Protein chains: 2
Amino acid sequence: MIADHEKGYFTEETSAEVVSARNNSCDNVRLRNCVNILVKHIHAAVKEMEPTQDEWLKAIMFLTETGHTCNDWRQEFILLSDTMGVSMLVDAINNRKPTGASESTVLGPFHVADAPELPMGSNICLDGKGEPMMVRGRILDTSGKPISGAKIDVWQANDEGFYDVQQKGIQPDFNLRGVFRTGEDGSYCFRGVKPKFYPIPDDGPVGKLLGALGRHPYRPAHFHYILQAEGFEMLITHIFDPDDPYINSDAVFGVKKSLMAKFQLVDAPEQFAGSSFDEPFYLVEHDFVLVKE
Amino acid sequence: MIADHEKGYFTEETSAEVVSARNNSCDNVRLRNCVNILVKHIHAAVKEMEPTQDEWLKAIMFLTETGHTCNDWRQEFILLSDTMGVSMLVDAINNRKPTGASESTVLGPFHVADAPELPMGSNICLDGKGEPMMVRGRILDTSGKPISGAKIDVWQANDEGFYDVQQKGIQPDFNLRGVFRTGEDGSYCFRGVKPKFYPIPDDGPVGKLLGALGRHPYRPAHFHYILQAEGFEMLITHIFDPDDPYINSDAVFGVKKSLMAKFQLVDAPEQFAGSSFDEPFYLVEHDFVLVKE
């Protein structure tokens with residue numbers, strides 16, 4: 001006797017199996033597996049929620065509005081993925097690191113491919129705004145040996161929480177961006193400004209959802225790194241300010257313990273006199289450990 | 001000691017709990033529960049799929065394209081829900097019926113609210129096209145007693161698989177639609193045309209997905225009912241032709257065993273002579289059983 005779900009009949013109990021069986025003639029095995037996994041888990045979610053027809057329609061309208069909010073400049077589905085922790089989960093799955101290696105976090109939407117390569121120690125703040133910050137440390141392998149020739153791509157928002165690309169014509173092009181390359185000792189050093197928390201775009205359906213969930217839209221102060229060196233896995237990560245008011249509630253779940261670095265205020269005149277600073281500044285020291293390919 | 005996820009740290013293991021904990025201050029309990037259920041199951045799906053960053057981005061772009069395909073006339077997310085069996089699952093959850101009661105299926109997008117009320121036995125086919133069909137039966141309660149004054153709203157596609165609203169100016173307005181009301185004996189009867197299978201809109205991202213999954217876009221031949229009677233639960237359902245080539249593979253999973261009715265060809269002259277038909281016709285006999293509120 002042929003089971004009902006093999007003939008295509010659908011019941012509350014067999015729903016996911018019936019749908020999956022329909023995909024049996026798909027010759028793209030990966031696509032079929034992914035769709036069937038999603039069907040299984042989404043049917044399980046529906047069975048657990050038991051939505052009314054009205055609630056189901058609200059979900060349909062939320063997805064529709066989210067789609068309509070996407071354009072060349074705005075990706076509301078990525079924002080939804082970010083705020084529901086899905087982006088960070090995908091990042092975690094794709095960046096499992098051995099103990100001692102630096103951890104990754106999300107790339108974010110504000111990286112620019114062609115930032116200028118600068119001499120080590122340069123100031124990436126082109127408009128002089130904000131509280132000065134010096135960042136330094138070393139790029140090491142997992143045995144603690146310095147990595148020479150490592151490429152360090154850094155970018156950050158300004159002291160008001162905006163990236164240059166969000167304020168074209170207000171901030172100079174390539175403000176608070178730079179690419180550096182380590183020498184023999186693996187050390188790096190650059191100057192920037194103390195970053196500030198900022199909101200993700202919250203005027204769309206995802207922002208409304210966060211509001212309804214009693215959540216704020218803020219990301220704690222951070223700056224971004226892409227680290228690349230020949231023979232090593234690329235590392236995309238942030239450094240966070242542990243004293244930020246939102247450090248324990250990043251709207252996109254990007255914070256990891258190991259990605260916090262003390263933003264130490266150097267304000268005693270004898271400390272900054274004779275340095276390249278003639279005023280108090282924040283010092284951030286952080287080493288990175290890359291994993292061999 | 002405070003657990004990491006209470007401080008907002010995120011790991012592959014704790015991901016869903018961390019996200020749910022962030023929704024704790026939501027005062028809409030139903031919304032919070034639904035979002036947390038979805039987060040739990042979607043994170044479980046992501047962990048099972050282990051998507052690459054590229055695959056994740058493909059999913060984002062699929063949802064975006066699906067959103068961009070939605071407009072006032074086209075609801076691609078409902079189509080996605082339909083073709084993944086989610087709509088039928090929500091229907092099943094909201095229409096659990098006692099044994100012996102008629103089963104429900106999806107409403108579909110082609111119902112029109114103000115179809116004309118017609119005398120019992122009327123022909124709803126206004127343009128004379130297609131093979132004639134007579135449909136008749138009774139509306140009963142679960143004890144087998146006829147229901148008097150039941151309202152029967154029927155609609156169907158024509159013999160080419162199109163509803164009137166899809167062919168404005170080609171089909172007459174309200175072609176193949178009608179509302180009937182039962183008398184004392186609970187019986188109903190109307191004339192229409194033998195329906196044909198037809199495709200769901202398959203020129204968008206959902207149609208492309210079905211293609212990639214090796215699935216066809218067809219719904220087997222059927223006609224639609226909304227049955228209403230005072231003191232009884234409303235029933236939204238179809239009747240299907242069991243001989244349709246797609247009867248075991250409805251693109252939206254709407255078919256149930258109990259919703260099939262024999263489309264019996266009455267072609268012996270002595271059978272249709274003296275009837276309201278002067279040519280062979282299809283006879284469909286089906287009783288419905290409604291549940292008391």
# chains A, B, ... in the order shown; residues from 1 in each chain; ligands from 1
call {"tool": "closest_atom_pairs", "arguments": {"of": "chain A", "to": "chain B", "cutoff": "7 Å", "atoms": "only C-alpha atoms", "output": "JSON lines"}}
result
{"residue": "A:Lys7", "atom": "CA", "partner": "B:Asn248", "partner_atom": "CA", "distance": 5.4}
{"residue": "A:Gly8", "atom": "CA", "partner": "B:Asn248", "partner_atom": "CA", "distance": 5.0}
{"residue": "A:Tyr9", "atom": "CA", "partner": "B:Lys256", "partner_atom": "CA", "distance": 5.7}
{"residue": "A:Phe10", "atom": "CA", "partner": "B:Phe253", "partner_atom": "CA", "distance": 6.4}
{"residue": "A:Glu12", "atom": "CA", "partner": "B:Ala92", "partner_atom": "CA", "distance": 6.0}
{"residue": "A:Ser15", "atom": "CA", "partner": "B:Leu89", "partner_atom": "CA", "distance": 6.7}
{"residue": "A:Val19", "atom": "CA", "partner": "B:Gly85", "partner_atom": "CA", "distance": 6.2}
{"residue": "A:Asn23", "atom": "CA", "partner": "B:Leu213", "partner_atom": "CA", "distance": 5.6}
{"residue": "A:Ser25", "atom": "CA", "partner": "B:Gly214", "partner_atom": "CA", "distance": 5.4}
{"residue": "A:Cys26", "atom": "CA", "partner": "B:Leu213", "partner_atom": "CA", "distance": 4.5}
{"residue": "A:Arg32", "atom": "CA", "partner": "B:Leu213", "partner_atom": "CA", "distance": 6.6}
{"residue": "A:Cys34", "atom": "CA", "partner": "B:Met49", "partner_atom": "CA", "distance": 6.0}
{"residue": "A:Ile37", "atom": "CA", "partner": "B:Ala45", "partner_atom": "CA", "distance": 6.0}
{"residue": "A:Leu38", "atom": "CA", "partner": "B:Ala45", "partner_atom": "CA", "distance": 5.9}
{"residue": "A:Val39", "atom": "CA", "partner": "B:Met84", "partner_atom": "CA", "distance": 6.7}
{"residue": "A:His41", "atom": "CA", "partner": "B:His41", "partner_atom": "CA", "distance": 5.4}
{"residue": "A:Ile42", "atom": "CA", "partner": "B:His41", "partner_atom": "CA", "distance": 6.6}
{"residue": "A:His43", "atom": "CA", "partner": "B:Val86", "partner_atom": "CA", "distance": 6.7}
{"residue": "A:Ala45", "atom": "CA", "partner": "B:Leu38", "partner_atom": "CA", "distance": 5.9}
{"residue": "A:Met49", "atom": "CA", "partner": "B:Cys34", "partner_atom": "CA", "distance": 6.0}
{"residue": "A:Glu50", "atom": "CA", "partner": "B:Ile93", "partner_atom": "CA", "distance": 6.4}
{"residue": "A:Pro51", "atom": "CA", "partner": "B:Val90", "partner_atom": "CA", "distance": 6.7}
{"residue": "A:Thr52", "atom": "CA", "partner": "B:Asn94", "partner_atom": "CA", "distance": 6.5}
{"residue": "A:Gln53", "atom": "CA", "partner": "B:Val90", "partner_atom": "CA", "distance": 6.9}
{"residue": "A:Ile60", "atom": "CA", "partner": "B:Phe77", "partner_atom": "CA", "distance": 6.2}
{"residue": "A:Leu63", "atom": "CA", "partner": "B:Gly67", "partner_atom": "CA", "distance": 7.0}
{"residue": "A:Thr64", "atom": "CA", "partner": "B:Gly67", "partner_atom": "CA", "distance": 5.0}
{"residue": "A:Gly67", "atom": "CA", "partner": "B:Gly67", "partner_atom": "CA", "distance": 3.9}
{"residue": "A:His68", "atom": "CA", "partner": "B:Gly67", "partner_atom": "CA", "distance": 5.8}
{"residue": "A:Cys70", "atom": "CA", "partner": "B:Thr64", "partner_atom": "CA", "distance": 6.8}
{"residue": "A:Phe77", "atom": "CA", "partner": "B:Ile60", "partner_atom": "CA", "distance": 6.1}
{"residue": "A:Ile78", "atom": "CA", "partner": "B:Ile60", "partner_atom": "CA", "distance": 6.6}
{"residue": "A:Met84", "atom": "CA", "partner": "B:Val19", "partner_atom": "CA", "distance": 6.4}
{"residue": "A:Gly85", "atom": "CA", "partner": "B:Val19", "partner_atom": "CA", "distance": 6.2}
{"residue": "A:Val86", "atom": "CA", "partner": "B:His43", "partner_atom": "CA", "distance": 6.7}
{"residue": "A:Leu89", "atom": "CA", "partner": "B:Glu12", "partner_atom": "CA", "distance": 6.0}
{"residue": "A:Val90", "atom": "CA", "partner": "B:Pro51", "partner_atom": "CA", "distance": 6.7}
{"residue": "A:Ala92", "atom": "CA", "partner": "B:Glu12", "partner_atom": "CA", "distance": 6.0}
{"residue": "A:Ile93", "atom": "CA", "partner": "B:Glu50", "partner_atom": "CA", "distance": 6.4}
{"residue": "A:Asn94", "atom": "CA", "partner": "B:Thr52", "partner_atom": "CA", "distance": 6.5}
{"residue": "A:Ala212", "atom": "CA", "partner": "B:Cys26", "partner_atom": "CA", "distance": 6.7}
{"residue": "A:Leu213", "atom": "CA", "partner": "B:Cys26", "partner_atom": "CA", "distance": 4.5}
{"residue": "A:Gly214", "atom": "CA", "partner": "B:Cys26", "partner_atom": "CA", "distance": 4.7}
{"residue": "A:Arg215", "atom": "CA", "partner": "B:Asn23", "partner_atom": "CA", "distance": 6.8}
{"residue": "A:Asn248", "atom": "CA", "partner": "B:Gly8", "partner_atom": "CA", "distance": 5.1}
{"residue": "A:Ser249", "atom": "CA", "partner": "B:Gly8", "partner_atom": "CA", "distance": 5.8}
{"residue": "A:Phe253", "atom": "CA", "partner": "B:Phe10", "partner_atom": "CA", "distance": 6.4}
{"residue": "A:Val255", "atom": "CA", "partner": "B:Tyr9", "partner_atom": "CA", "distance": 6.3}
{"residue": "A:Lys256", "atom": "CA", "partner": "B:Tyr9", "partner_atom": "CA", "distance": 5.7}
call {"tool": "write_last_selection", "arguments": {"atoms": "N, CA and C atoms", "output": "compact mmCIF listing (two decimals), in the first residue's frame"}}
result
# COMPACT_ATOMS: atom_id res chain seq x y z
N LYS A 7 1.52 9.77 -2.17
CA LYS A 7 0.55 10.14 -3.18
C LYS A 7 0.29 11.64 -3.17
N GLY A 8 0.93 12.35 -2.25
CA GLY A 8 0.80 13.80 -2.23
C GLY A 8 -0.24 14.31 -1.27
N TYR A 9 -0.92 13.45 -0.51
CA TYR A 9 -1.88 13.96 0.45
C TYR A 9 -1.16 14.64 1.60
N PHE A 10 -1.84 15.59 2.15
CA PHE A 10 -1.22 16.51 3.08
C PHE A 10 -2.06 16.51 4.36
N GLU A 12 -1.79 17.66 8.80
CA GLU A 12 -1.02 18.42 9.77
C GLU A 12 0.22 17.63 10.21
N SER A 15 2.85 17.06 6.95
CA SER A 15 3.05 18.20 6.03
C SER A 15 4.47 18.32 5.49
N VAL A 19 5.84 17.76 1.49
CA VAL A 19 6.49 18.80 0.69
C VAL A 19 7.87 18.33 0.25
N ASN A 23 10.04 17.31 -3.74
CA ASN A 23 11.30 17.82 -4.29
C ASN A 23 12.26 16.70 -4.70
N SER A 25 12.68 14.93 -7.30
CA SER A 25 13.29 14.85 -8.63
C SER A 25 14.23 16.01 -8.90
N CYS A 26 14.55 16.76 -7.87
CA CYS A 26 15.52 17.87 -8.02
C CYS A 26 16.92 17.30 -8.15
N ARG A 32 18.18 20.95 -2.93
CA ARG A 32 17.11 20.11 -2.39
C ARG A 32 17.27 19.93 -0.88
N CYS A 34 18.84 21.86 1.26
CA CYS A 34 18.60 23.12 1.99
C CYS A 34 17.10 23.42 2.05
N ILE A 37 15.45 21.08 4.51
CA ILE A 37 15.77 21.44 5.90
C ILE A 37 14.93 22.64 6.32
N LEU A 38 14.85 23.63 5.46
CA LEU A 38 14.04 24.82 5.79
C LEU A 38 12.57 24.46 5.95
N VAL A 39 12.06 23.62 5.03
CA VAL A 39 10.65 23.21 5.12
C VAL A 39 10.42 22.49 6.45
N HIS A 41 12.01 22.71 9.34
CA HIS A 41 12.07 23.58 10.52
C HIS A 41 10.97 24.64 10.51
N ILE A 42 10.62 25.14 9.34
CA ILE A 42 9.57 26.17 9.30
C ILE A 42 8.21 25.53 9.58
N HIS A 43 7.97 24.32 9.07
CA HIS A 43 6.72 23.64 9.43
C HIS A 43 6.68 23.37 10.94
N ALA A 45 8.06 25.19 13.22
CA ALA A 45 7.78 26.48 13.85
C ALA A 45 6.29 26.82 13.75
N MET A 49 3.79 27.52 16.77
CA MET A 49 3.10 28.82 16.91
C MET A 49 1.59 28.69 16.79
N GLU A 50 1.12 27.77 15.94
CA GLU A 50 -0.30 27.69 15.59
C GLU A 50 -0.86 29.08 15.24
N PRO A 51 -0.32 29.70 14.19
CA PRO A 51 -0.79 31.05 13.85
C PRO A 51 -2.23 31.03 13.35
N THR A 52 -2.98 32.10 13.65
CA THR A 52 -4.28 32.28 13.01
C THR A 52 -4.03 32.69 11.56
N GLN A 53 -5.09 32.66 10.74
CA GLN A 53 -4.96 33.12 9.36
C GLN A 53 -4.52 34.59 9.33
N ILE A 60 3.16 37.52 6.17
CA ILE A 60 3.29 37.72 4.72
C ILE A 60 3.51 39.21 4.43
N LEU A 63 7.03 40.42 5.45
CA LEU A 63 8.05 40.03 4.48
C LEU A 63 7.94 40.89 3.22
N THR A 64 6.70 41.16 2.80
CA THR A 64 6.48 41.98 1.60
C THR A 64 7.04 43.39 1.81
N GLY A 67 10.76 43.36 1.72
CA GLY A 67 11.23 43.32 0.34
C GLY A 67 11.11 44.67 -0.34
N HIS A 68 9.99 45.34 -0.11
CA HIS A 68 9.78 46.65 -0.75
C HIS A 68 10.74 47.71 -0.21
N CYS A 70 13.90 47.13 0.34
CA CYS A 70 15.22 46.88 -0.24
C CYS A 70 15.38 47.64 -1.55
N PHE A 77 16.50 42.83 4.22
CA PHE A 77 16.55 41.41 4.60
C PHE A 77 17.87 41.07 5.30
N ILE A 78 18.97 41.72 4.89
CA ILE A 78 20.22 41.52 5.63
C ILE A 78 20.06 42.07 7.04
N MET A 84 18.21 39.24 13.88
CA MET A 84 17.72 37.96 14.42
C MET A 84 18.88 37.00 14.68
N GLY A 85 20.12 37.51 14.58
CA GLY A 85 21.29 36.70 14.91
C GLY A 85 21.68 35.69 13.84
N VAL A 86 20.98 35.72 12.70
CA VAL A 86 21.26 34.73 11.66
C VAL A 86 22.61 35.02 10.98
N LEU A 89 25.37 33.91 13.16
CA LEU A 89 25.43 32.44 13.20
C LEU A 89 26.13 31.90 11.95
N VAL A 90 25.78 32.45 10.78
CA VAL A 90 26.43 32.04 9.54
C VAL A 90 27.92 32.37 9.60
N ALA A 92 29.73 32.56 12.34
CA ALA A 92 30.36 31.64 13.30
C ALA A 92 30.62 30.28 12.64
N ILE A 93 29.63 29.80 11.87
CA ILE A 93 29.75 28.49 11.22
C ILE A 93 30.90 28.49 10.20
N ASN A 94 31.08 29.63 9.53
CA ASN A 94 32.10 29.71 8.49
C ASN A 94 33.47 30.14 9.00
N ALA A 212 8.78 47.01 18.45
CA ALA A 212 7.69 46.21 19.03
C ALA A 212 8.24 45.15 19.99
N LEU A 213 9.50 44.73 19.74
CA LEU A 213 10.11 43.73 20.63
C LEU A 213 10.78 44.38 21.84
N GLY A 214 10.66 45.70 21.95
CA GLY A 214 11.29 46.40 23.08
C GLY A 214 12.80 46.47 22.97
N ARG A 215 13.31 46.41 21.72
CA ARG A 215 14.77 46.44 21.51
C ARG A 215 15.20 47.76 20.91
N ASN A 248 26.68 45.21 25.82
CA ASN A 248 26.02 43.92 26.09
C ASN A 248 24.72 43.74 25.33
N SER A 249 24.45 44.63 24.38
CA SER A 249 23.17 44.51 23.66
C SER A 249 23.30 44.98 22.21
N PHE A 253 24.32 41.48 17.38
CA PHE A 253 24.97 40.37 18.08
C PHE A 253 26.42 40.15 17.67
N VAL A 255 29.20 41.31 19.09
CA VAL A 255 30.21 41.39 20.15
C VAL A 255 30.65 40.00 20.60
N LYS A 256 31.96 39.82 20.74
CA LYS A 256 32.50 38.63 21.40
C LYS A 256 33.49 39.12 22.46
call {"tool": "select_by_dssp", "arguments": {"residues": "stretch 31-196 of chain A", "states": "alpha helix (DSSP H)", "output": "PyMOL selection string"}}
result
chain A and resi 31-49+53-69+76-83+86-94
call {"tool": "residues_around", "arguments": {"residues": "A:Leu118", "least_positions_apart": "2", "cutoff": "12 Å", "atoms": "only C-alpha atoms", "output": "list in words"}}
result
Ala115, Pro116, Met120, Gly121, Ser122, Asn123, Ile124, Lys151, Ile152, Asp153, Val154, Phe174, Leu176, Arg177, Gly178, Val179, Phe180, Arg181, Thr182, Tyr188, Cys189, Phe190 and Arg191 of chain A
call {"tool": "residues_around", "arguments": {"residues": "stretch 240-242 of chain A", "least_positions_apart": "6", "cutoff": "7 Å", "atoms": "only C-alpha atoms", "output": "JSON, numbers by chain"}}
result
{"A": [221, 222, 223, 259, 260, 261, 262, 263]}
call {"tool": "write_last_selection", "arguments": {"atoms": "C-alpha atoms", "output": "PDB file, in the first residue's frame"}}
result
ATOM      1  CA  ALA A 221      31.325  51.628  19.421  1.00  0.00           C
ATOM      2  CA  HIS A 222      33.743  49.593  17.323  1.00  0.00           C
ATOM      3  CA  PHE A 223      36.116  49.692  14.406  1.00  0.00           C
ATOM      4  CA  LEU A 259      37.020  41.339  20.566  1.00  0.00           C
ATOM      5  CA  MET A 260      36.996  43.911  23.360  1.00  0.00           C
ATOM      6  CA  ALA A 261      40.050  46.082  23.872  1.00  0.00           C
ATOM      7  CA  LYS A 262      40.522  48.685  26.563  1.00  0.00           C
ATOM      8  CA  PHE A 263      40.206  52.253  25.238  1.00  0.00           C
TER       9      PHE A 263
END
call {"tool": "atom_distance", "arguments": {"atom1": "atom CA of B:Ala150", "atom2": "atom CA of B:His111"}}
result
18.4 Å
call {"tool": "residues_around", "arguments": {"residues": "B:Glu279", "least_positions_apart": "2", "cutoff": "10 Å", "atoms": "only C-alpha atoms", "output": "list of chain:residue names"}}
result
B:Glu131, B:Pro132, B:Val266, B:Asp267, B:Ala268, B:Pro269, B:Gln271, B:Phe272, B:Ala273, B:Ser275, B:Ser276, B:Phe277, B:Phe281
call {"tool": "write_last_selection", "arguments": {"atoms": "C-alpha atoms", "output": "PDB file, in the first residue's frame"}}
result
ATOM      1  CA  GLU B 131     -17.840  20.817 -21.495  1.00  0.00           C
ATOM      2  CA  PRO B 132     -21.056  21.117 -19.470  1.00  0.00           C
ATOM      3  CA  VAL B 266     -23.299  11.110 -18.705  1.00  0.00           C
ATOM      4  CA  ASP B 267     -23.268  10.381 -22.416  1.00  0.00           C
ATOM      5  CA  ALA B 268     -26.036   7.847 -23.039  1.00  0.00           C
ATOM      6  CA  PRO B 269     -28.853   9.741 -24.839  1.00  0.00           C
ATOM      7  CA  GLN B 271     -29.668   9.593 -19.594  1.00  0.00           C
ATOM      8  CA  PHE B 272     -29.579  13.223 -20.655  1.00  0.00           C
ATOM      9  CA  ALA B 273     -32.699  13.280 -22.825  1.00  0.00           C
ATOM     10  CA  SER B 275     -32.897  16.583 -18.564  1.00  0.00           C
ATOM     11  CA  SER B 276     -31.980  20.249 -18.820  1.00  0.00           C
ATOM     12  CA  PHE B 277     -29.060  19.102 -21.008  1.00  0.00           C
ATOM     13  CA  PHE B 281     -22.425  16.311 -19.562  1.00  0.00           C
TER      14      PHE B 281
END
call {"tool": "residues_around", "arguments": {"residues": "stretch 233-236 of chain A", "least_positions_apart": "4", "cutoff": "10 Å", "atoms": "only C-alpha atoms", "output": "list in words"}}
result
Asp91, Asn95, Lys97, Ala101, Ser102, Glu103, Ser104, Thr105, Val106, Leu107, Gly108, Lys151, Ile152, Asp153, His224, Tyr225, Ile226, Leu227, Gln228, Ala229, Phe288, Val289, Leu290, Val291, Lys292 and Glu293 of chain A
call {"tool": "write_last_selection", "arguments": {"atoms": "N, CA and C atoms", "output": "PDB file, in the first residue's frame"}}
result
ATOM      1  N   ASP A  91      28.234  33.540  10.151  1.00  0.00           N
ATOM      2  CA  ASP A  91      29.642  33.927  10.331  1.00  0.00           C
ATOM      3  C   ASP A  91      30.363  32.927  11.233  1.00  0.00           C
ATOM      4  N   ASN A  95      33.567  30.405  10.292  1.00  0.00           N
ATOM      5  CA  ASN A  95      34.844  30.894  10.835  1.00  0.00           C
ATOM      6  C   ASN A  95      35.172  30.228  12.166  1.00  0.00           C
ATOM      7  N   LYS A  97      37.474  28.727  14.636  1.00  0.00           N
ATOM      8  CA  LYS A  97      38.907  28.970  14.807  1.00  0.00           C
ATOM      9  C   LYS A  97      39.450  28.101  15.932  1.00  0.00           C
ATOM     10  N   ALA A 101      43.300  31.609  18.477  1.00  0.00           N
ATOM     11  CA  ALA A 101      43.205  32.424  17.261  1.00  0.00           C
ATOM     12  C   ALA A 101      42.193  33.546  17.481  1.00  0.00           C
ATOM     13  N   SER A 102      42.398  34.669  16.794  1.00  0.00           N
ATOM     14  CA  SER A 102      41.449  35.777  16.904  1.00  0.00           C
ATOM     15  C   SER A 102      40.121  35.383  16.282  1.00  0.00           C
ATOM     16  N   GLU A 103      39.035  35.870  16.869  1.00  0.00           N
ATOM     17  CA  GLU A 103      37.701  35.526  16.393  1.00  0.00           C
ATOM     18  C   GLU A 103      37.218  36.530  15.347  1.00  0.00           C
ATOM     19  N   SER A 104      36.276  36.059  14.525  1.00  0.00           N
ATOM     20  CA  SER A 104      35.697  36.899  13.476  1.00  0.00           C
ATOM     21  C   SER A 104      34.416  37.550  13.979  1.00  0.00           C
ATOM     22  N   THR A 105      33.949  38.528  13.244  1.00  0.00           N
ATOM     23  CA  THR A 105      32.573  38.989  13.390  1.00  0.00           C
ATOM     24  C   THR A 105      32.101  39.510  12.040  1.00  0.00           C
ATOM     25  N   VAL A 106      30.872  40.023  12.003  1.00  0.00           N
ATOM     26  CA  VAL A 106      30.269  40.379  10.712  1.00  0.00           C
ATOM     27  C   VAL A 106      31.033  41.480   9.967  1.00  0.00           C
ATOM     28  N   LEU A 107      30.996  41.413   8.631  1.00  0.00           N
ATOM     29  CA  LEU A 107      31.646  42.421   7.783  1.00  0.00           C
ATOM     30  C   LEU A 107      30.931  43.755   7.885  1.00  0.00           C
ATOM     31  N   GLY A 108      29.619  43.742   7.873  1.00  0.00           N
ATOM     32  CA  GLY A 108      28.858  44.994   7.847  1.00  0.00           C
ATOM     33  C   GLY A 108      28.812  45.564   6.455  1.00  0.00           C
ATOM     34  N   LYS A 151      48.429  42.351   5.474  1.00  0.00           N
ATOM     35  CA  LYS A 151      47.669  43.522   5.029  1.00  0.00           C
ATOM     36  C   LYS A 151      46.544  43.782   6.033  1.00  0.00           C
ATOM     37  N   ILE A 152      46.470  45.024   6.520  1.00  0.00           N
ATOM     38  CA  ILE A 152      45.487  45.398   7.533  1.00  0.00           C
ATOM     39  C   ILE A 152      44.591  46.462   6.940  1.00  0.00           C
ATOM     40  N   ASP A 153      43.351  46.117   6.724  1.00  0.00           N
ATOM     41  CA  ASP A 153      42.376  47.055   6.146  1.00  0.00           C
ATOM     42  C   ASP A 153      41.470  47.474   7.294  1.00  0.00           C
ATOM     43  N   HIS A 224      36.552  48.389  12.443  1.00  0.00           N
ATOM     44  CA  HIS A 224      36.566  47.169  11.633  1.00  0.00           C
ATOM     45  C   HIS A 224      37.965  46.827  11.129  1.00  0.00           C
ATOM     46  N   TYR A 225      38.211  45.546  11.003  1.00  0.00           N
ATOM     47  CA  TYR A 225      39.454  45.047  10.398  1.00  0.00           C
ATOM     48  C   TYR A 225      39.162  43.952   9.375  1.00  0.00           C
ATOM     49  N   ILE A 226      39.893  43.997   8.265  1.00  0.00           N
ATOM     50  CA  ILE A 226      40.089  42.787   7.458  1.00  0.00           C
ATOM     51  C   ILE A 226      41.588  42.528   7.457  1.00  0.00           C
ATOM     52  N   LEU A 227      41.990  41.369   7.946  1.00  0.00           N
ATOM     53  CA  LEU A 227      43.414  41.021   8.003  1.00  0.00           C
ATOM     54  C   LEU A 227      43.694  39.891   7.025  1.00  0.00           C
ATOM     55  N   GLN A 228      44.701  40.117   6.177  1.00  0.00           N
ATOM     56  CA  GLN A 228      45.069  39.101   5.184  1.00  0.00           C
ATOM     57  C   GLN A 228      46.581  38.925   5.169  1.00  0.00           C
ATOM     58  N   ALA A 229      47.033  37.695   5.126  1.00  0.00           N
ATOM     59  CA  ALA A 229      48.469  37.434   4.973  1.00  0.00           C
ATOM     60  C   ALA A 229      48.617  36.126   4.221  1.00  0.00           C
ATOM     61  N   PHE A 288      46.470  40.457  17.095  1.00  0.00           N
ATOM     62  CA  PHE A 288      45.629  39.494  16.371  1.00  0.00           C
ATOM     63  C   PHE A 288      46.422  38.220  16.091  1.00  0.00           C
ATOM     64  N   VAL A 289      45.741  37.110  16.156  1.00  0.00           N
ATOM     65  CA  VAL A 289      46.377  35.827  15.867  1.00  0.00           C
ATOM     66  C   VAL A 289      45.662  35.184  14.676  1.00  0.00           C
ATOM     67  N   LEU A 290      46.398  35.019  13.586  1.00  0.00           N
ATOM     68  CA  LEU A 290      45.822  34.430  12.371  1.00  0.00           C
ATOM     69  C   LEU A 290      46.121  32.928  12.306  1.00  0.00           C
ATOM     70  N   VAL A 291      45.261  32.230  11.584  1.00  0.00           N
ATOM     71  CA  VAL A 291      45.360  30.775  11.481  1.00  0.00           C
ATOM     72  C   VAL A 291      45.917  30.405  10.110  1.00  0.00           C
ATOM     73  N   LYS A 292      46.904  29.491  10.097  1.00  0.00           N
ATOM     74  CA  LYS A 292      47.468  29.029   8.808  1.00  0.00           C
ATOM     75  C   LYS A 292      46.371  28.341   7.991  1.00  0.00           C
ATOM     76  N   GLU A 293      46.439  28.563   6.696  1.00  0.00           N
ATOM     77  CA  GLU A 293      45.453  27.933   5.791  1.00  0.00           C
ATOM     78  C   GLU A 293      45.564  26.410   5.836  1.00  0.00           C
TER      79      GLU A 293
END
call {"tool": "select_by_dssp", "arguments": {"residues": "stretch 138-266 of chain A", "states": "strand (DSSP E)", "output": "PyMOL selection string"}}
result
chain A and resi 138-141+151-156+177-181+187-193+198-199+218-219+222-228+235-240+263-266
call {"tool": "residues_around", "arguments": {"residues": "A:Gly207", "least_positions_apart": "5", "cutoff": "8 Å", "atoms": "only C-alpha atoms", "output": "ChimeraX atom specification"}}
result
/A:201-202,217
call {"tool": "atom_distance", "arguments": {"atom1": "atom CA of A:Ile239", "atom2": "atom CA of A:Asp173"}}
result
22.8 Å
call {"tool": "atom_distance", "arguments": {"atom1": "atom CA of B:Trp73", "atom2": "atom CA of B:Tyr198"}}
result
18.1 Å
